[in-house]
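Below is model-v4.tsv, holding TSV, C-alpha atoms.
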chain	number	residue	atom	x	y	z
A	77	MET	CA	26.13	16.90	-22.19
A	78	GLU	CA	25.45	20.55	-22.93
A	79	LEU	CA	22.56	22.55	-21.57
A	80	GLU	CA	21.30	23.32	-25.06
A	81	GLN	CA	21.27	19.59	-25.80
A	82	LEU	CA	19.11	18.98	-22.75
A	83	ILE	CA	16.63	21.60	-23.91
A	84	THR	CA	16.55	20.05	-27.38
A	85	ASN	CA	15.98	16.63	-25.84
A	86	TRP	CA	13.21	18.02	-23.69
A	87	LYS	CA	11.47	19.47	-26.73
A	88	THR	CA	11.89	16.37	-28.88
A	89	THR	CA	10.77	14.08	-26.08
A	90	ASN	CA	7.76	16.17	-25.27
A	91	GLU	CA	6.63	16.42	-28.85
A	92	ARG	CA	6.59	12.62	-28.99
A	93	LEU	CA	5.03	12.24	-25.58
A	94	ASP	CA	2.32	14.76	-26.39
A	95	THR	CA	1.42	12.77	-29.49
A	96	VAL	CA	1.39	9.49	-27.54
A	97	GLN	CA	-0.64	10.97	-24.69
A	98	ALA	CA	-3.08	12.68	-27.03
A	99	GLY	CA	-3.51	9.40	-28.89
A	100	GLN	CA	-4.08	7.43	-25.70
A	101	ARG	CA	-6.83	9.72	-24.52
A	102	THR	CA	-7.79	12.88	-26.34
A	103	LEU	CA	-8.25	15.69	-23.91
A	104	GLU	CA	-11.96	15.30	-23.30
A	105	THR	CA	-13.84	18.53	-23.11
A	106	GLU	CA	-16.90	17.38	-21.23
A	107	VAL	CA	-16.86	19.92	-18.47
A	108	ASN	CA	-20.33	19.42	-17.09
A	109	GLY	CA	-19.12	19.13	-13.52
A	110	LYS	CA	-19.41	15.33	-13.29
A	111	ARG	CA	-16.09	15.12	-11.54
A	112	MET	CA	-16.69	17.14	-8.44
A	113	ARG	CA	-13.95	15.87	-6.14
A	114	THR	CA	-11.65	18.75	-6.96
A	115	ILE	CA	-8.83	19.96	-4.72
A	116	SER	CA	-10.87	22.85	-3.30
A	117	ASN	CA	-13.86	20.57	-2.70
A	118	ARG	CA	-11.66	18.13	-0.80
A	119	LEU	CA	-10.32	20.99	1.31
A	120	LYS	CA	-13.88	22.05	2.13
A	121	VAL	CA	-15.04	18.64	3.40
A	122	GLY	CA	-13.41	18.76	6.88
A	123	PRO	CA	-14.39	22.33	7.81
A	124	SER	CA	-17.93	21.82	6.45
A	125	ILE	CA	-18.52	18.71	8.59
A	126	GLU	CA	-17.07	20.44	11.66
A	127	LEU	CA	-19.21	23.52	10.98
A	128	VAL	CA	-22.40	21.42	10.95
A	129	ILE	CA	-21.40	19.64	14.19
A	130	ALA	CA	-20.43	22.94	15.88
A	131	SER	CA	-23.69	24.59	14.79
A	132	ALA	CA	-25.68	21.69	16.24
A	133	ILE	CA	-23.74	22.02	19.52
A	134	VAL	CA	-24.30	25.79	19.72
A	135	ILE	CA	-28.03	25.48	18.94
A	136	SER	CA	-28.53	22.67	21.50
A	137	ALA	CA	-26.46	24.35	24.20
A	138	GLY	CA	-28.07	27.74	23.53
A	139	GLY	CA	-31.52	26.16	23.62
A	140	PHE	CA	-30.82	24.53	26.95
A	141	LEU	CA	-29.45	27.74	28.47
A	142	ALA	CA	-32.50	29.68	27.24
A	143	ASP	CA	-34.99	27.06	28.44
A	144	HIS	CA	-33.53	26.98	31.96
A	145	PHE	CA	-32.54	30.64	32.15
A	146	SER	CA	-34.30	31.49	35.45
A	147	GLU	CA	-32.99	28.33	37.19
A	148	LEU	CA	-29.46	28.95	35.94
A	149	VAL	CA	-29.46	32.60	37.01
A	150	ALA	CA	-30.25	31.42	40.55
A	151	SER	CA	-27.44	28.86	40.42
A	152	PRO	CA	-24.84	29.97	37.82
A	153	VAL	CA	-22.46	27.04	38.53
A	154	GLU	CA	-24.98	24.70	36.96
A	155	ALA	CA	-24.77	26.69	33.73
A	156	LEU	CA	-21.03	26.13	33.49
A	157	PRO	CA	-20.95	22.84	31.48
A	158	PHE	CA	-23.38	24.10	28.83
A	159	ALA	CA	-21.71	27.52	28.77
A	160	CYS	CA	-18.34	25.79	28.13
A	161	LEU	CA	-19.90	23.68	25.38
A	162	HIS	CA	-21.53	26.76	23.88
A	163	GLY	CA	-18.20	28.61	23.95
A	164	LEU	CA	-16.34	25.70	22.34
A	165	GLY	CA	-19.02	25.47	19.66
A	166	ILE	CA	-18.73	29.19	18.86
A	167	LEU	CA	-14.93	28.89	18.68
A	168	LEU	CA	-15.26	25.94	16.32
A	169	ILE	CA	-17.74	27.81	14.11
A	170	TRP	CA	-15.39	30.80	13.91
A	171	LEU	CA	-12.40	28.59	13.05
A	172	ASN	CA	-14.27	26.70	10.34
A	173	ILE	CA	-15.91	29.74	8.78
A	174	ARG	CA	-12.45	31.33	8.61
A	175	GLN	CA	-11.13	28.23	6.85
A	176	LEU	CA	-14.03	28.09	4.39
A	177	ILE	CA	-13.63	31.78	3.54
A	178	THR	CA	-9.90	31.25	2.93
A	179	ILE	CA	-10.62	28.21	0.72
A	180	SER	CA	-13.16	30.13	-1.33
A	181	LYS	CA	-10.62	32.92	-1.86
A	182	VAL	CA	-8.02	30.57	-3.37
A	183	ASP	CA	-7.78	31.60	-6.99
A	184	TYR	CA	-5.75	29.46	-9.38
A	185	THR	CA	-5.62	32.24	-11.94
A	186	LYS	CA	-3.37	34.19	-9.58
A	187	PRO	CA	0.42	33.99	-9.96
A	188	ILE	CA	1.82	30.77	-8.50
A	189	VAL	CA	3.69	32.38	-5.60
A	190	GLU	CA	0.55	34.22	-4.46
A	191	ALA	CA	-1.90	31.35	-4.91
A	192	GLN	CA	0.39	28.78	-3.30
A	193	GLY	CA	1.08	31.18	-0.41
A	194	GLU	CA	-2.65	31.33	0.27
A	195	ILE	CA	-2.96	27.54	0.09
A	196	GLY	CA	0.03	27.16	2.45
A	197	ALA	CA	-1.52	29.54	4.97
A	198	LEU	CA	-4.78	27.64	4.72
A	199	ARG	CA	-3.11	24.28	5.40
A	200	LYS	CA	-1.35	25.81	8.43
A	201	LEU	CA	-4.65	27.10	9.78
A	202	ARG	CA	-6.31	23.71	9.24
A	203	VAL	CA	-3.53	21.81	11.03
A	204	LYS	CA	-3.58	24.24	13.97
A	205	ALA	CA	-7.37	23.94	14.24
A	206	SER	CA	-7.17	20.12	14.24
A	207	GLN	CA	-4.39	20.21	16.83
A	208	ALA	CA	-6.40	22.51	19.11
A	209	LEU	CA	-9.51	20.39	18.67
A	210	MET	CA	-7.72	17.19	19.64
A	211	LEU	CA	-5.82	18.72	22.53
A	212	CYS	CA	-8.92	20.39	24.04
A	213	GLY	CA	-11.61	17.96	22.93
A	214	ILE	CA	-10.34	14.77	24.55
A	215	PRO	CA	-9.57	16.10	28.07
A	216	LEU	CA	-12.91	17.95	28.00
A	217	TRP	CA	-14.88	14.82	27.13
A	218	ILE	CA	-16.36	15.02	30.65
A	219	LEU	CA	-18.58	17.85	29.39
A	220	LEU	CA	-20.46	15.35	27.27
A	221	PRO	CA	-21.89	13.07	30.03
A	222	ILE	CA	-22.56	16.05	32.31
A	223	THR	CA	-24.45	18.05	29.67
A	224	MET	CA	-26.34	14.93	28.56
A	225	GLY	CA	-27.32	14.29	32.16
A	226	GLN	CA	-28.40	17.91	32.59
A	227	ALA	CA	-30.39	17.76	29.37
A	228	VAL	CA	-32.26	14.68	30.59
A	229	PHE	CA	-32.58	15.34	34.34
A	230	GLY	CA	-32.36	19.14	34.43
A	231	PRO	CA	-29.63	21.60	35.52
A	232	ARG	CA	-29.58	20.23	39.07
A	233	PHE	CA	-28.04	16.99	37.77
A	234	LEU	CA	-24.64	18.65	38.20
A	235	GLY	CA	-25.20	18.92	41.97
A	236	SER	CA	-25.78	15.19	42.22
A	237	LEU	CA	-22.27	14.49	40.91
A	238	SER	CA	-19.45	14.36	43.39
A	239	GLY	CA	-16.40	16.55	42.93
A	240	ASN	CA	-14.22	13.44	43.00
A	241	TRP	CA	-16.18	11.89	40.12
A	242	ILE	CA	-15.71	15.01	38.01
A	243	LEU	CA	-12.01	15.22	38.91
A	244	ALA	CA	-11.47	11.53	38.18
A	245	ASN	CA	-13.07	11.90	34.78
A	246	LEU	CA	-11.03	14.97	33.97
A	247	ILE	CA	-7.89	12.97	34.84
A	248	PHE	CA	-9.26	10.10	32.76
A	249	GLY	CA	-9.68	12.47	29.79
A	250	VAL	CA	-6.09	13.66	30.10
A	251	GLY	CA	-4.98	10.02	30.48
A	252	VAL	CA	-6.82	9.01	27.30
A	253	SER	CA	-5.08	11.85	25.45
A	254	GLY	CA	-1.73	10.57	26.70
A	255	LEU	CA	-2.62	7.00	25.73
A	256	ILE	CA	-3.58	8.11	22.22
A	257	ILE	CA	-0.22	9.87	21.86
A	258	VAL	CA	1.64	6.75	23.06
A	259	LEU	CA	-0.37	4.50	20.70
A	260	ALA	CA	0.14	6.93	17.83
A	261	ARG	CA	3.91	6.82	18.37
A	262	ARG	CA	3.93	3.04	18.70
A	263	PHE	CA	1.66	2.23	15.74
A	264	GLY	CA	2.12	5.40	13.68
A	265	SER	CA	4.06	3.61	10.96
A	266	GLU	CA	1.64	0.68	10.74
A	267	SER	CA	-1.74	2.37	10.88
A	268	LYS	CA	-2.90	5.29	8.72
A	269	PHE	CA	-5.14	6.56	11.54
A	270	PHE	CA	-2.43	6.52	14.19
A	271	GLY	CA	0.05	7.87	11.64
A	272	MET	CA	-2.17	10.88	11.10
A	273	ILE	CA	-2.53	11.50	14.86
A	274	ASN	CA	1.20	11.06	15.37
A	275	ASP	CA	1.95	13.60	12.63
A	276	LEU	CA	-0.51	16.00	14.22
A	277	PHE	CA	0.89	15.75	17.75
A	278	ALA	CA	4.54	15.49	16.74
A	279	GLY	CA	4.12	18.64	14.71
A	280	THR	CA	5.06	16.93	11.41
A	281	GLU	CA	1.92	18.24	9.77
A	282	ILE	CA	2.53	21.79	10.93
A	283	GLN	CA	6.17	21.52	9.79
A	284	ARG	CA	4.95	20.40	6.35
A	285	ALA	CA	2.54	23.32	6.16
A	286	GLU	CA	5.19	25.77	7.39
A	287	LYS	CA	7.75	24.37	4.95
A	288	LEU	CA	5.42	25.18	2.08
A	289	VAL	CA	4.95	28.75	3.28
A	290	SER	CA	8.69	29.30	3.88
A	291	GLU	CA	9.57	27.75	0.49
A	292	ILE	CA	7.31	30.28	-1.17
A	293	ARG	CA	8.65	33.20	0.88
A	294	LEU	CA	12.20	32.15	0.01
A	295	PHE	CA	11.36	31.90	-3.66
A	296	GLU	CA	9.59	35.24	-3.64
A	297	SER	CA	12.56	37.03	-2.00
A	298	GLN	CA	14.66	39.21	-4.28
A	299	ASP	CA	17.91	37.43	-3.52
A	300	VAL	CA	21.14	37.96	-5.40
A	301	LEU	CA	23.63	35.43	-6.64
A	302	SER	CA	26.15	34.52	-3.99
B	223	MET	CA	-26.63	29.40	-27.34
B	224	ALA	CA	-24.09	31.79	-25.80
B	225	GLN	CA	-23.19	28.99	-23.35
B	226	VAL	CA	-22.51	26.60	-26.25
B	227	SER	CA	-20.29	29.04	-28.08
B	228	GLU	CA	-18.40	29.77	-24.86
B	229	GLN	CA	-17.82	26.06	-24.41
B	230	GLN	CA	-16.79	25.65	-28.04
B	231	ARG	CA	-14.34	28.51	-27.68
B	232	PHE	CA	-12.94	26.90	-24.57
B	233	GLU	CA	-12.65	23.51	-26.29
B	234	MET	CA	-10.80	25.03	-29.22
B	235	LEU	CA	-8.35	26.88	-27.01
B	236	ILE	CA	-7.74	23.83	-24.83
B	237	LEU	CA	-7.22	21.54	-27.79
B	238	SER	CA	-4.73	23.88	-29.39
B	239	HIS	CA	-2.79	24.19	-26.11
B	240	GLN	CA	-3.27	20.69	-24.69
B	241	GLY	CA	0.49	20.05	-24.79
B	242	ILE	CA	0.86	22.50	-21.89
B	243	VAL	CA	-1.40	20.35	-19.72
B	244	TYR	CA	0.50	17.15	-20.62
B	245	ARG	CA	3.91	18.69	-19.97
B	246	VAL	CA	2.86	20.17	-16.62
B	247	VAL	CA	1.36	16.84	-15.60
B	248	ARG	CA	4.51	14.91	-16.58
B	249	THR	CA	6.66	17.38	-14.65
B	250	TYR	CA	4.78	16.78	-11.41
B	251	CYS	CA	3.63	13.23	-11.62
B	252	ARG	CA	4.97	9.97	-13.01
B	253	LEU	CA	2.23	7.44	-12.42
B	254	GLU	CA	-0.04	6.94	-15.42
B	255	GLU	CA	-3.13	6.61	-13.21
B	256	ASP	CA	-2.34	9.82	-11.31
B	257	GLN	CA	-1.55	11.63	-14.53
B	258	GLN	CA	-5.08	10.99	-15.77
B	259	ASP	CA	-6.55	12.29	-12.53
B	260	LEU	CA	-4.40	15.39	-12.66
B	261	ILE	CA	-5.31	16.07	-16.31
B	262	GLN	CA	-9.00	15.95	-15.34
B	263	GLU	CA	-8.39	18.20	-12.35
B	264	ILE	CA	-6.53	20.80	-14.43
B	265	LYS	CA	-9.19	20.66	-17.12
B	266	LEU	CA	-11.91	21.33	-14.56
B	267	GLN	CA	-10.01	24.21	-12.96
B	268	LEU	CA	-9.44	25.71	-16.42
B	269	TRP	CA	-13.15	25.49	-17.22
B	270	ARG	CA	-14.09	27.06	-13.89
B	271	ALA	CA	-11.64	29.91	-14.37
B	272	PHE	CA	-12.45	30.43	-18.05
B	273	PRO	CA	-15.15	33.12	-17.48
B	274	LYS	CA	-12.43	35.23	-15.83
B	275	TYR	CA	-10.04	34.87	-18.77
B	276	ASP	CA	-9.19	38.19	-20.34
B	277	SER	CA	-8.90	37.49	-24.07
B	278	SER	CA	-6.57	40.45	-24.55
B	279	LYS	CA	-3.92	38.47	-22.65
B	280	VAL	CA	-1.91	35.50	-23.88
B	281	PHE	CA	-3.89	32.29	-23.36
B	282	SER	CA	-0.85	30.08	-22.83
B	283	THR	CA	0.43	32.22	-19.91
B	284	TRP	CA	-2.99	32.08	-18.26
B	285	MET	CA	-3.12	28.32	-18.86
B	286	TYR	CA	0.34	27.76	-17.38
B	287	ARG	CA	-0.71	29.58	-14.20
B	288	ILE	CA	-3.79	27.46	-13.64
B	289	ALA	CA	-2.18	24.18	-14.70
B	290	LEU	CA	0.87	24.76	-12.48
B	291	ASN	CA	-1.16	25.96	-9.49
B	292	THR	CA	-3.40	22.91	-9.78
B	293	ALA	CA	-0.47	20.51	-10.23
B	294	ILE	CA	1.46	21.96	-7.25
B	295	SER	CA	-1.59	21.75	-4.97
B	296	TRP	CA	-2.41	18.28	-6.22
B	297	THR	CA	1.17	17.07	-5.72
B	298	ARG	CA	1.25	18.37	-2.14
B	299	LYS	CA	-2.07	16.70	-1.40
B	300	SER	CA	-0.92	13.36	-2.75
B	301	SER	CA	2.72	13.56	-1.64
B	302	ARG	CA	2.04	11.39	1.40
B	303	ARG	CA	0.49	8.73	-0.79
B	304	VAL	CA	3.01	8.71	-3.63
B	305	GLN	CA	6.53	9.93	-3.08
B	306	HIS	CA	8.77	9.34	-6.04
B	307	VAL	CA	8.29	6.90	-8.81
B	308	ALA	CA	11.56	6.56	-10.59
B	309	THR	CA	10.44	4.53	-13.56
B	310	LEU	CA	8.90	5.99	-16.64
B	311	ASP	CA	5.63	4.45	-17.67
B	312	GLU	CA	5.45	2.22	-20.72
B	313	ALA	CA	4.11	4.78	-23.15
B	314	GLU	CA	6.71	7.26	-22.06
B	315	HIS	CA	9.43	4.68	-22.36
B	316	GLU	CA	8.30	3.71	-25.83
B	317	ALA	CA	8.13	7.34	-26.91
B	318	THR	CA	11.58	8.15	-25.61
B	319	GLN	CA	13.32	5.10	-27.03
B	320	PRO	CA	15.16	6.93	-29.81
B	321	ILE	CA	16.67	9.34	-27.29
B	322	GLN	CA	19.43	8.14	-25.06
B	323	SER	CA	17.75	7.33	-21.76
B	324	ASP	CA	20.75	8.68	-19.79
B	325	GLU	CA	20.18	12.14	-21.17
B	326	LEU	CA	16.52	12.06	-20.36
B	327	GLN	CA	17.24	10.61	-16.96
B	328	VAL	CA	19.41	13.64	-16.17
B	329	LEU	CA	16.44	15.89	-16.73
B	330	TYR	CA	14.07	13.76	-14.69
B	331	THR	CA	16.64	13.48	-11.89
B	332	LEU	CA	16.95	17.23	-11.80
B	333	ILE	CA	13.20	17.77	-11.95
B	334	ASP	CA	12.67	15.32	-9.08
B	335	SER	CA	15.34	16.99	-6.97
B	336	LEU	CA	13.61	20.39	-7.09
B	337	ASP	CA	10.83	21.71	-4.89
B	338	ALA	CA	7.45	22.39	-6.49
B	339	ILE	CA	8.00	26.09	-7.26
B	340	ASN	CA	11.46	25.58	-8.77
B	341	ARG	CA	10.05	22.74	-10.87
B	342	ALA	CA	7.63	25.29	-12.30
B	343	LEU	CA	10.53	27.63	-13.03
B	344	LEU	CA	12.48	24.85	-14.77
B	345	LEU	CA	9.46	23.84	-16.83
B	346	LEU	CA	8.85	27.41	-17.95
B	347	TYR	CA	12.51	27.76	-18.87
B	348	LEU	CA	12.51	24.52	-20.84
B	349	GLU	CA	9.35	25.69	-22.57
B	350	GLU	CA	11.34	28.75	-23.62
B	351	LEU	CA	9.06	31.39	-22.11
B	352	SER	CA	10.52	34.87	-21.89
B	353	LEU	CA	11.62	36.31	-18.52
B	354	ASN	CA	8.59	38.58	-18.53
B	355	GLU	CA	6.27	35.64	-19.11
B	356	ILE	CA	8.01	33.54	-16.45
B	357	GLY	CA	7.70	36.43	-14.01
B	358	GLU	CA	4.04	36.84	-14.89
B	359	VAL	CA	3.24	33.16	-14.37
B	360	LEU	CA	5.17	32.85	-11.12
B	361	GLY	CA	4.39	36.27	-9.68
B	362	ILE	CA	7.97	37.51	-9.39
B	363	SER	CA	9.82	40.28	-11.17
B	364	PRO	CA	11.64	39.45	-14.43
B	365	GLY	CA	14.90	40.39	-12.67
B	366	ASN	CA	14.25	37.94	-9.87
B	367	ALA	CA	13.29	35.30	-12.42
B	368	ALA	CA	16.61	35.89	-14.22
B	369	VAL	CA	18.60	35.43	-10.99
B	370	LYS	CA	16.78	32.23	-10.13
B	371	LEU	CA	17.17	30.93	-13.66
B	372	THR	CA	20.91	31.57	-13.64
B	373	ARG	CA	21.21	29.55	-10.47
B	374	LEU	CA	19.02	26.80	-11.84
B	375	LYS	CA	21.03	26.63	-15.06
B	376	GLN	CA	24.25	26.30	-13.06
B	377	GLN	CA	22.65	23.43	-11.18
B	378	LEU	CA	21.48	21.92	-14.45
B	379	ARG	CA	24.93	22.18	-16.05
B	380	GLN	CA	26.54	20.65	-12.99
B	381	LEU	CA	24.11	17.76	-13.01
B	382	ALA	CA	24.38	17.30	-16.77
B	383	ASN	CA	28.15	17.00	-16.49
B	384	GLU	CA	28.09	14.65	-13.53
B	385	PRO	CA	28.64	11.00	-14.38
B	386	GLN	CA	25.36	9.11	-14.18
B	387	PRO	CA	25.04	6.02	-11.93
B	388	ASN	CA	25.10	3.65	-14.92
B	389	GLU	CA	28.05	5.39	-16.55
B	390	LYS	CA	31.47	3.92	-15.97
Please render this file's structure as structure tokens.
Amino acid sequence: MELEQLITNWKTTNERLDTVQAGQRTLETEVNGKRMRTISNRLKVGPSIELVIASAIVISAGGFLADHFSELVASPVEALPFACLHGLGILLIWLNIRQLITISKVDYTKPIVEAQGEIGALRKLRVKASQALMLCGIPLWILLPITMGQAVFGPRFLGSLSGNWILANLIFGVGVSGLIIVLARRFGSESKFFGMINDLFAGTEIQRAEKLVSEIRLFESQDVLS
Amino acid sequence: MAQVSEQQRFEMLILSHQGIVYRVVRTYCRLEEDQQDLIQEIKLQLWRAFPKYDSSKVFSTWMYRIALNTAISWTRKSSRRVQHVATLDEAEHEATQPIQSDELQVLYTLIDSLDAINRALLLLYLEELSLNEIGEVLGISPGNAAVKLTRLKQQLRQLANEPQPNEK
């Protein structure tokens, strides 16, 4: 079959298909925004939720540090759990604001190589942020009971905890992370949730995101026929 | 009033170029259900971008950009859910009856074997856009588009001349 014949077939087929498709459902022009689950809106969901959570963490931790400022200045070690939480919250806010800004900059009227490059970079950023969150968040779970205890009983609550208890819980956090990785590998193919975690830890997600970026770079390059 | 006329203008332009949307959708997605979703998605993106449309420029080129960008992003998002669906849907099958299915299959096989950006290049070539227009839609120079097209055509010829699985 000749190339020209393929093009002719393409045209003939599409003329017929266009008629069939237009007959099945005329291209409705109601564009009143009823259908809001667009691609960019879906991309915004994760960072928006994380931004709200991180803001709540920063406000709570900042409030606690301000309320107990004089006590904490006298004993700075007791400020450590809330300071860590505050720092993590700020980091999370920065990461998510960066993602939301990048999403809002994605412009589909731009040439495909440029627009898809931006989307690829955004996906890469999102995967890296999720990876960092999971890798840091689970081992640092110990911050949660300590800060809750300090919030209820005051900053001195930290002094009532033994070093061994803190160490054991830190080890427990690391152990839980390991267990999640093992479970994700074991049940990754059966469960969507574990599959997602497995992809994240195994780097499949980042590979996917990087593949998209490298595909675009390769396409964009001014290569010559070999 | 101005809003109504803007919408009417948009509707007219979309209706006269709706084939572009259908062909982009069929290039990137085979499932009837997904096709409907993608058509809606493209339509919405077109409406959102419409205020930025410069009427001194060719509408079809602008439309190809948005439709292809939306389809590529949509395909990547749903690629984990739906990989490849080899069969044509019923309507498509009915519409393509008079054409030898082997010939059509060659095209679909080639389309499916390409990555998202090269699919766009193939579609624009099959739609007979000029090198300048292809370069404008994709964001590459016409020279680069020509090089990539030559390679793609070689691939296409090779595939077209290969015996198909059901050929003896």
Of A:Ala142, A:Leu237, A:Leu93, A:Val128, the one sitting nearest chain B when using only C-alpha atoms is A:Leu93
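Atom CA of Leu198 of chain A lies 9.3 Å from atom CA of Leu176 of chain A.
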Extract, using all atoms listed in the file, all DNA, RNA and protein residues at most 10 Å from Gln175 of chain A, discarding same-chain residues fewer than 5 positions from it, and format them as a short mmCIF file (atom, residue, chain, number, x, y, z; two decimals) with C-alpha atoms, in the frame of the given file.
data_model
loop_
_atom_site.label_atom_id
_atom_site.label_comp_id
_atom_site.auth_asym_id
_atom_site.auth_seq_id
_atom_site.Cartn_x
_atom_site.Cartn_y
_atom_site.Cartn_z
CA LEU A 119 -10.32 20.99 1.31
CA LYS A 120 -13.88 22.05 2.13
CA GLY A 122 -13.41 18.76 6.88
CA PRO A 123 -14.39 22.33 7.81
CA SER A 124 -17.93 21.82 6.45
CA ILE A 169 -17.74 27.81 14.11
CA TRP A 170 -15.39 30.80 13.91
CA SER A 180 -13.16 30.13 -1.33
CA LYS A 181 -10.62 32.92 -1.86
CA ALA A 197 -1.52 29.54 4.97
CA LEU A 198 -4.78 27.64 4.72
CA ARG A 199 -3.11 24.28 5.40
CA LEU A 201 -4.65 27.10 9.78
CA ARG A 202 -6.31 23.71 9.24
CA ALA A 205 -7.37 23.94 14.24
#
Would you mind reading off the distance between atom CA of Leu332 of chain B and atom CA of Arg298 of chain B, one decimal, in Å?
->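 Atom-to-atom, atom CA of Leu332 of chain B to atom CA of Arg298 of chain B, that is 18.5 Å.
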Distance criterion (only C-alpha atoms): nearest to chain B out of A:Glu154, A:Asp143, A:Glu126, A:Asp183 |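 Once distances to chain B are computed over only C-alpha atoms, the minimum belongs to A:Asp183.
Note that atom CA of Ile188 of chain A and atom CA of Leu290 of chain B are 7.3 Å apart.
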Please provide as JSON, numbers by chain all residues within 12 Å of Val258 of chain A, with the sequence filter that same-chain residues fewer than 3 positions apart are discarded (counting only C-alpha atoms).
-> {"A": [251, 252, 253, 254, 255, 261, 262, 263, 264, 270, 271, 273, 274, 277, 278]}
Any idea which chain B residues end up within 8 Å of chain A if we count only C-alpha atoms, as a PyMOL selection string please?
-> chain B and resi 233+237+240-241+244-245+263+265-267+269+271+284+287-288+290-292+294-296+313-314+317-318+321+325-326+329+339+348-349+358-362+366+369+373+375+378-379+382-383
